[in-house]
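Asker: Take a look at the following structure, please.
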Amino acid sequence: MPKGLRIHNATKYFGEGPNRLTALDRVSIEVEPGEFVAVVGPSGSGKSTFLSVAGALLQASEGEVAVNGNSISRLSARELSAVRLNEIGFIMQTSNLVPYLNVLDQLLLVKRMGGKVAAADKALARQLLEGLGLHAMLRSFPENLSGGEKQRVAIARAFVNDPSVILADEPTASLDTKRAYEVVNLIANEVKSRRKAAIMVTHDERMLKHCDKVYHMEDGRLSLVR
Ligand SMILES: Nc1ncnc2c1ncn2[C@@H]1O[C@H](COP(=O)(O)OP(=O)(O)OP(=O)(O)O)[C@@H](O)[C@H]1O
């Protein structure tokens with residue numbers, strides 16, 4: 001099966017019987033390694049549900065999801081958790097850094113969740129942080145970082161397990177325009193150079209120029225805009 005992210009006819013229902021709501025309606029998408037796609041759409045259209053299904057946080061009610069060539073549609077909760085740790089990097093609206101860990105340790109914490117931290121892990125963590133312009137801040141704590149710097153740490157953290165897929169949910173929501181451009185540009189650069197399949201949900205049309213494709217979500221249906 002091809003690498004990257006493949007979703008075929010994914011439908012997600014919430015509730016049952018007459019209260020059943022179709023949050024995702026036969027959604028299909030293929031994102032290749034090195035491809036950065038955006039998903040835009042109104043509030044309540046299903047974007048968060050879509051990212052949750054793509055990121056193994058929620059199972060689709062129907063349809064197929066494959067990550068890095070492996071179907072995740074029939075995995076146990078434990079197996080899904082391993083997929084999330086090893087194959088998916090999440091970047092959220094706010095950086096969600098651990099207040100009492102310095103910048104380097106924010107990344108090493110993720111490595112520790114997967115087992116022992118090797119010298120190569122530390123080297124990758126440093127390389128990512130330095131590539132994102134944080135070389136002078138490896139020992140800084142979150143309280144001493146600006147919003148843009150915190151979000152750059154969150155980007156590095158998403159890449160540190162070398163996942164196949166990067167999912168970003170409104171990563172610029174808490175930033176001013178200049179910082180927002182910087183952050184999206186940095187995500188795009190890392191996605192390209194490290195060959196990740198990446199999806200960004202955004203309300204901000206100005207960020208779309210960094211993306212290879214743009215999809216629109218409406219009433220749980222996904223369509224290609226460009
Ligand atoms: N856990 C849930 N249980 C029941 N309904 C849900 C659940 N999660 C989402 N929904 C419903 O599914 C639909 C899609 O919601 P979703 O959060 O995916 O939209 P969204 O496009 O991300 O919205 P926003 O931009 O406001 O975050 C909405 O009608 C929402 O109320």
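Residue numbers start at 1 in each chain; chains themselves are named A, B, ... in the order of the structure tokens; ligands are numbered from 1 in the order shown.
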Hey, could you make a per-residue contact list for chain A against ligand 1 with 10 Å as the cut-off, showing the nearest pair of atoms and its distance in Å to one decimal, counting only C-alpha atoms and all ligand atoms, sorted by chain and number, as a Markdown table?

Answerer:
| residue | atom | partner | partner_atom_place_in_ligand_line | distance |
| --- | --- | --- | --- | --- |
| A:Lys12 | CA | ligand 1 | 12 (O) | 8.7 |
| A:Tyr13 | CA | ligand 1 | 5 (N) | 8.0 |
| A:Phe14 | CA | ligand 1 | 4 (C) | 4.8 |
| A:Gly15 | CA | ligand 1 | 4 (C) | 6.3 |
| A:Asn19 | CA | ligand 1 | 4 (C) | 9.5 |
| A:Arg20 | CA | ligand 1 | 4 (C) | 8.7 |
| A:Leu21 | CA | ligand 1 | 5 (N) | 6.8 |
| A:Thr22 | CA | ligand 1 | 12 (O) | 7.0 |
| A:Ala23 | CA | ligand 1 | 12 (O) | 4.3 |
| A:Leu24 | CA | ligand 1 | 14 (C) | 7.4 |
| A:Val39 | CA | ligand 1 | 21 (O) | 9.6 |
| A:Val40 | CA | ligand 1 | 21 (O) | 8.4 |
| A:Gly41 | CA | ligand 1 | 21 (O) | 6.4 |
| A:Pro42 | CA | ligand 1 | 21 (O) | 6.0 |
| A:Ser43 | CA | ligand 1 | 26 (O) | 3.6 |
| A:Gly44 | CA | ligand 1 | 19 (O) | 3.4 |
| A:Ser45 | CA | ligand 1 | 21 (O) | 3.8 |
| A:Gly46 | CA | ligand 1 | 18 (O) | 3.2 |
| A:Lys47 | CA | ligand 1 | 21 (O) | 3.8 |
| A:Ser48 | CA | ligand 1 | 22 (O) | 3.5 |
| A:Thr49 | CA | ligand 1 | 18 (O) | 3.7 |
| A:Phe50 | CA | ligand 1 | 18 (O) | 6.4 |
| A:Leu51 | CA | ligand 1 | 18 (O) | 8.1 |
| A:Ser52 | CA | ligand 1 | 18 (O) | 8.4 |
| A:Val53 | CA | ligand 1 | 18 (O) | 9.9 |
| A:Leu58 | CA | ligand 1 | 1 (N) | 9.5 |
| A:Asp169 | CA | ligand 1 | 22 (O) | 8.8 |
| A:Glu170 | CA | ligand 1 | 25 (O) | 8.9 |
| A:Val201 | CA | ligand 1 | 22 (O) | 8.5 |
| A:Thr202 | CA | ligand 1 | 25 (O) | 8.5 |
| A:His203 | CA | ligand 1 | 25 (O) | 7.8 |
| A:Met217 | CA | ligand 1 | 21 (O) | 7.4 |
| A:Glu218 | CA | ligand 1 | 21 (O) | 8.0 |
| A:Asp219 | CA | ligand 1 | 14 (C) | 7.7 |
| A:Gly220 | CA | ligand 1 | 14 (C) | 6.9 |

Asker: Produce a file of the selected residues containing C-alpha atoms, as a compact mmCIF listing (two decimals), in the first residue's frame.

Answerer:
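Writing done, so here's result-v3.txt:
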# COMPACT_ATOMS: atom_id res chain seq x y z
CA LYS A 12 -18.26 9.26 11.27
CA TYR A 13 -21.55 9.18 13.15
CA PHE A 14 -22.13 10.59 16.60
CA GLY A 15 -25.16 9.38 18.58
CA ASN A 19 -30.29 11.59 17.21
CA ARG A 20 -27.61 10.27 14.89
CA LEU A 21 -25.45 13.05 13.43
CA THR A 22 -23.20 12.50 10.42
CA ALA A 23 -20.07 14.51 11.27
CA LEU A 24 -18.06 13.08 8.35
CA VAL A 39 -8.58 22.08 5.01
CA VAL A 40 -10.85 25.10 5.40
CA GLY A 41 -14.53 25.29 6.22
CA PRO A 42 -17.11 26.80 8.54
CA SER A 43 -17.41 26.09 12.23
CA GLY A 44 -19.09 22.76 12.91
CA SER A 45 -18.44 21.42 9.40
CA GLY A 46 -16.42 18.43 10.66
CA LYS A 47 -12.80 19.60 10.46
CA SER A 48 -11.84 18.54 13.99
CA THR A 49 -13.59 15.21 13.57
CA PHE A 50 -11.68 14.73 10.32
CA LEU A 51 -8.31 15.42 11.97
CA SER A 52 -9.22 13.08 14.84
CA VAL A 53 -10.02 10.27 12.41
CA LEU A 58 -11.24 8.52 16.72
CA ASP A 169 -5.25 22.13 13.98
CA GLU A 170 -5.38 25.93 13.60
CA VAL A 201 -6.92 22.91 9.35
CA THR A 202 -7.12 26.70 9.24
CA HIS A 203 -9.61 29.53 9.23
CA MET A 217 -15.20 20.94 4.37
CA GLU A 218 -18.93 21.56 4.48
CA ASP A 219 -21.53 19.47 6.32
CA GLY A 220 -18.99 16.68 6.75

Asker: Hey, what's within 6 Å of Tyr215 of chain A if we count only C-alpha atoms and toss same-chain stuff fewer than 5 positions away? As a list in words, please?

Answerer: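 That gives Val39, Ser223, Leu224 and Val225 of chain A.
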
Asker: With only C-alpha atoms as the basis for distance, which of A:Ser81, A:Ser71, A:Ser95, A:Ser164 is at the shortest distance from Ala197 of chain A?

Answerer: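 Among A:Ser81, A:Ser71, A:Ser95, A:Ser164, it is A:Ser164 that comes nearest to Ala197 of chain A.
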
Asker: Counting only C-alpha atoms, which of A:His135, A:Lys150, A:Lys111, A:Arg126 gets nearest to Asn96 of chain A?

Answerer: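 Ranking A:His135, A:Lys150, A:Lys111, A:Arg126 by distance to Asn96 of chain A, first place goes to A:Lys150.
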
Asker: Return the single residue from A:Leu75, A:Ala82, A:Met137, A:Met200 that is closest to Thr172 of chain A, with distances computed using only C-alpha atoms.

Answerer: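 Comparing A:Leu75, A:Ala82, A:Met137, A:Met200 against Thr172 of chain A, the winner is A:Met200.
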
Asker: Applying 10 Å and only C-alpha atoms, which residues near Asp105 of chain A remain after dropping the ones on its own chain fewer than 6 positions away? List them as an MDAnalysis selection string.

Answerer: chainID A and resid 98 111:112 122 125 138:141 157

Asker: Please measure the separation of atom CA of Ile187 of chain A and atom CA of Ala118 of chain A, giving the value in Å to one decimal.

Answerer: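 One can read the atom CA of Ile187 of chain A to atom CA of Ala118 of chain A distance as 25.2 Å.
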
Asker: Skip Gly114 of chain A itself and residues of its chain fewer than 4 positions away, then list as a compact mmCIF listing (two decimals) with N, CA and C atoms, in the first residue's frame all residues within 12 Å of it, counting only C-alpha atoms.

Answerer:
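Just written: out00.txt:
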# COMPACT_ATOMS: atom_id res chain seq x y z
N SER A 81 -3.05 3.68 19.99
CA SER A 81 -2.20 4.55 20.79
C SER A 81 -0.76 4.48 20.29
N ALA A 82 -0.31 3.29 19.90
CA ALA A 82 1.05 3.15 19.35
C ALA A 82 1.17 3.87 18.01
N VAL A 83 0.11 3.81 17.20
CA VAL A 83 0.12 4.54 15.92
C VAL A 83 0.26 6.04 16.17
N ARG A 84 -0.50 6.53 17.15
CA ARG A 84 -0.43 7.97 17.47
C ARG A 84 0.97 8.38 17.91
N LEU A 85 1.58 7.54 18.71
CA LEU A 85 2.91 7.88 19.23
C LEU A 85 3.97 7.84 18.13
N ASN A 86 3.91 6.82 17.29
CA ASN A 86 5.01 6.58 16.34
C ASN A 86 4.79 7.16 14.96
N GLU A 87 3.54 7.33 14.56
CA GLU A 87 3.27 7.68 13.17
C GLU A 87 2.65 9.05 12.96
N LEU A 107 10.97 17.88 24.05
CA LEU A 107 11.06 16.91 22.96
C LEU A 107 11.47 15.54 23.48
N LEU A 108 12.40 15.54 24.45
CA LEU A 108 12.89 14.25 24.95
C LEU A 108 11.81 13.51 25.72
N LEU A 109 10.87 14.27 26.30
CA LEU A 109 9.74 13.63 26.99
C LEU A 109 8.97 12.74 26.03
N VAL A 110 8.78 13.22 24.81
CA VAL A 110 8.06 12.44 23.80
C VAL A 110 8.84 11.16 23.49
N ALA A 118 18.03 7.63 23.11
CA ALA A 118 19.38 7.35 22.61
C ALA A 118 20.06 8.66 22.21
N ASP A 121 18.55 10.29 19.32
CA ASP A 121 17.30 11.01 19.60
C ASP A 121 17.61 12.45 20.04
N VAL A 160 9.59 15.01 16.30
CA VAL A 160 10.73 14.36 16.95
C VAL A 160 10.68 12.83 16.91
N ASN A 161 9.48 12.27 16.79
CA ASN A 161 9.40 10.81 16.66
C ASN A 161 9.48 10.35 15.21

Asker: Taking only segment 61-216 of chain A into account, list the residues labelled helix (DSSP H, G or I) by DSSP (computed from the backbone), as JSON, numbers by chain.

Answerer: {"A": [77, 78, 79, 80, 81, 82, 83, 84, 85, 86, 87, 103, 104, 105, 106, 107, 108, 109, 110, 111, 112, 113, 119, 120, 121, 122, 123, 124, 125, 126, 127, 128, 129, 130, 131, 135, 136, 137, 142, 143, 144, 147, 148, 149, 150, 151, 152, 153, 154, 155, 156, 157, 158, 159, 177, 178, 179, 180, 181, 182, 183, 184, 185, 186, 187, 188, 189, 190, 191, 192, 193, 205, 206, 207, 208, 209, 210]}

Asker: Would you list the contacts of Pro99 of chain A as JSON, numbers by chain, taking every protein, DNA or RNA residue within 10 Å and counting only C-alpha atoms, but skipping same-chain residues closer than 5 positions in sequence?

Answerer: {"A": [106, 141, 142, 143]}

Asker: Could you turn the residues from that selection into a file that holds N, CA and C atoms, as a PDB file, in the first residue's frame?

Answerer:
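out.pdb written:
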ATOM      1  N   GLN A 106      11.236  19.132  26.482  1.00  0.00           N
ATOM      2  CA  GLN A 106       9.876  18.978  25.935  1.00  0.00           C
ATOM      3  C   GLN A 106       9.881  17.896  24.849  1.00  0.00           C
ATOM      4  N   PHE A 141      12.752  27.871  29.665  1.00  0.00           N
ATOM      5  CA  PHE A 141      11.462  27.318  30.063  1.00  0.00           C
ATOM      6  C   PHE A 141      10.335  28.069  29.333  1.00  0.00           C
ATOM      7  N   PRO A 142       9.187  27.415  29.163  1.00  0.00           N
ATOM      8  CA  PRO A 142       8.107  28.027  28.379  1.00  0.00           C
ATOM      9  C   PRO A 142       7.747  29.443  28.813  1.00  0.00           C
ATOM     10  N   GLU A 143       7.800  29.720  30.114  1.00  0.00           N
ATOM     11  CA  GLU A 143       7.374  31.063  30.574  1.00  0.00           C
ATOM     12  C   GLU A 143       8.259  32.170  29.999  1.00  0.00           C
TER      13      GLU A 143
END

Asker: Considering only strand (DSSP E or B) as DSSP defines it on the backbone, what residues of segment 53-108 of chain A qualify? List them as a list in words.

Answerer: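 Selecting the strand (DSSP E or B) positions of segment 53-108 of chain A gives Glu62, Gly63, Glu64, Val65, Ala66, Val67, Asn70, Ser71, Ile88, Gly89, Phe90 and Ile91 of chain A.
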
Asker: Which residues come within 8 Å of Ile7 of chain A, counting only C-alpha atoms, excluding same-chain residues fewer than 6 positions away, as a ChimeraX atom specification?

Answerer: /A:27-30,54,63-66

Asker: Between atom CA of Gly131 of chain A and atom CA of Leu101 of chain A, what is the spacing in Å?

Answerer: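 Interatomic distance, atom CA of Leu101 of chain A to atom CA of Gly131 of chain A: 20.1 Å.
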
Asker: Which residue gives the smallest distance to Leu167 of chain A among A:Ala120, A:Ala180, A:Ala198, A:Val67, with only C-alpha atoms counted?

Answerer: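 Checking each candidate against Leu167 of chain A, we get A:Ala198 as the closest.
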
Asker: A:Leu134, A:Arg6, A:Ala38, A:Lys213: which is nearest Ser73 of chain A, counting only C-alpha atoms?

Answerer: A:Arg6

Asker: Compare A:Leu145, A:Ile199, A:Ala119, A:Ala173 by their minimum atom-to-atom distance to Gly4 of chain A, counting only C-alpha atoms, and give me the closest one.

Answerer: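 Closest residue, counting only C-alpha atoms: A:Ile199.
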